[in-house]
Amino acid sequence: PRDVSTLRDALRTIALPQSPLAAPMLVVSGDRDGVVLEPWVRFAVTASCALGGTIDYVRIADANHQNVLAKAAPGVGVWIGDRFAGTQAPSNCSTRSVAQADGPGR
């Protein structure tokens, strides 16, 4: 039991989010990622949204850990370009459940 408690405490120190965001964030996950599990990402996004974050959460259907970045690249490029252009960052924290977030073209 003491080892379990020690491990739990150690994991809490690295769990995300640690604090409110200082800038908007784009979060992309693949719904078939077997390394960074989508429910874990969704949990962290939901917690960060609760702290007042501006997050555009995009879940890419049929993407795994190896191909999620390639599938998300066009949308990521647009998102970054919009930030440099001064366009207000989108957020799906309050407009709909992050559990419903989907891929590009939403």
# chains A, B, ... in the order shown; residues from 1 in each chain; ligands from 1

call {"tool": "residues_around", "arguments": {"residues": "segment 10-17 of chain A", "least_positions_apart": "6", "cutoff": "9 Å", "atoms": "only C-alpha atoms", "output": "ChimeraX atom specification"}}
result
/A:43-45,47-48,51

call {"tool": "write_last_selection", "arguments": {"atoms": "C-alpha atoms", "output": "PDB file, in the first residue's frame"}}
result
ATOM      1  CA  PHE A  43      -9.263  14.111 -19.462  1.00  0.00           C
ATOM      2  CA  ALA A  44      -6.351  16.590 -19.495  1.00  0.00           C
ATOM      3  CA  VAL A  45      -8.152  18.863 -21.968  1.00  0.00           C
ATOM      4  CA  ALA A  47      -9.338  19.668 -16.742  1.00  0.00           C
ATOM      5  CA  SER A  48      -7.517  22.503 -18.502  1.00  0.00           C
ATOM      6  CA  LEU A  51      -9.177  26.073 -15.375  1.00  0.00           C
TER       7      LEU A  51
END

call {"tool": "residues_around", "arguments": {"residues": "Val27 of chain A", "least_positions_apart": "2", "cutoff": "8 Å", "atoms": "only C-alpha atoms", "output": "PyMOL selection string"}}
result
chain A and resi 25+29+45+55-58

call {"tool": "closest_residue", "arguments": {"among": "A:Val36, A:Ala85, A:Cys49, A:Val28", "to": "His65 of chain A", "atoms": "only C-alpha atoms"}}
result
A:Val36

call {"tool": "select_by_dssp", "arguments": {"residues": "segment 27-76 of chain A", "states": "helix (DSSP H, G or I)", "output": "number ranges by chain"}}
result
A: 38-50, 68-76

call {"tool": "closest_residue", "arguments": {"among": "A:Val68, A:Leu26, A:Ile80, A:Cys93", "to": "Ala50 of chain A", "atoms": "only C-alpha atoms"}}
result
A:Cys93

call {"tool": "select_by_dssp", "arguments": {"residues": "chain A", "states": "strand (DSSP E)", "output": "list in words"}}
result
Met25, Leu26, Val27, Val28, Ser29, Gly30, Ile55, Asp56, Tyr57, Val58, Arg59 and Ile60 of chain A

call {"tool": "atom_distance", "arguments": {"atom1": "atom CA of Pro24 of chain A", "atom2": "atom CA of Thr54 of chain A"}}
result
4.9 Å

call {"tool": "residues_around", "arguments": {"residues": "Asp33 of chain A", "least_positions_apart": "2", "cutoff": "7 Å", "atoms": "only C-alpha atoms", "output": "PDB file with N, CA and C atoms, in the first residue's frame"}}
result
ATOM      1  N   GLY A  30      -5.242  11.112 -31.788  1.00  0.00           N
ATOM      2  CA  GLY A  30      -5.819  10.096 -32.661  1.00  0.00           C
ATOM      3  C   GLY A  30      -6.673   9.153 -31.843  1.00  0.00           C
ATOM      4  N   ASP A  31      -7.828   8.837 -32.352  1.00  0.00           N
ATOM      5  CA  ASP A  31      -8.725   7.988 -31.566  1.00  0.00           C
ATOM      6  C   ASP A  31      -8.279   6.528 -31.531  1.00  0.00           C
ATOM      7  N   VAL A  35      -0.473   4.601 -27.693  1.00  0.00           N
ATOM      8  CA  VAL A  35       0.604   5.069 -26.829  1.00  0.00           C
ATOM      9  C   VAL A  35       0.110   6.196 -25.927  1.00  0.00           C
ATOM     10  N   VAL A  36      -0.414   7.243 -26.543  1.00  0.00           N
ATOM     11  CA  VAL A  36      -1.013   8.352 -25.793  1.00  0.00           C
ATOM     12  C   VAL A  36      -2.521   8.196 -25.957  1.00  0.00           C
ATOM     13  N   LEU A  37      -3.131   7.532 -25.011  1.00  0.00           N
ATOM     14  CA  LEU A  37      -4.532   7.151 -25.149  1.00  0.00           C
ATOM     15  C   LEU A  37      -5.451   8.369 -25.175  1.00  0.00           C
ATOM     16  N   GLU A  38      -6.381   8.356 -26.122  1.00  0.00           N
ATOM     17  CA  GLU A  38      -7.303   9.471 -26.320  1.00  0.00           C
ATOM     18  C   GLU A  38      -8.092   9.813 -25.055  1.00  0.00           C
ATOM     19  N   ALA A  63      -6.869   7.652 -36.592  1.00  0.00           N
ATOM     20  CA  ALA A  63      -5.445   8.001 -36.510  1.00  0.00           C
ATOM     21  C   ALA A  63      -4.812   7.281 -35.327  1.00  0.00           C
ATOM     22  N   ASN A  64      -3.597   6.813 -35.549  1.00  0.00           N
ATOM     23  CA  ASN A  64      -2.862   6.155 -34.483  1.00  0.00           C
ATOM     24  C   ASN A  64      -1.633   7.001 -34.136  1.00  0.00           C
ATOM     25  N   HIS A  65      -0.784   6.484 -33.277  1.00  0.00           N
ATOM     26  CA  HIS A  65       0.370   7.257 -32.813  1.00  0.00           C
ATOM     27  C   HIS A  65       1.343   7.558 -33.952  1.00  0.00           C
TER      28      HIS A  65
END

call {"tool": "atom_distance", "arguments": {"atom1": "atom CA of Ile60 of chain A", "atom2": "atom CA of Val76 of chain A"}}
result
12.0 Å

call {"tool": "atom_distance", "arguments": {"atom1": "atom CA of Leu21 of chain A", "atom2": "atom CA of Ser91 of chain A"}}
result
12.7 Å

call {"tool": "closest_residue", "arguments": {"among": "A:Ala70, A:Val41, A:Ala23, A:Ala61", "to": "Arg83 of chain A", "atoms": "only C-alpha atoms"}}
result
A:Ala23
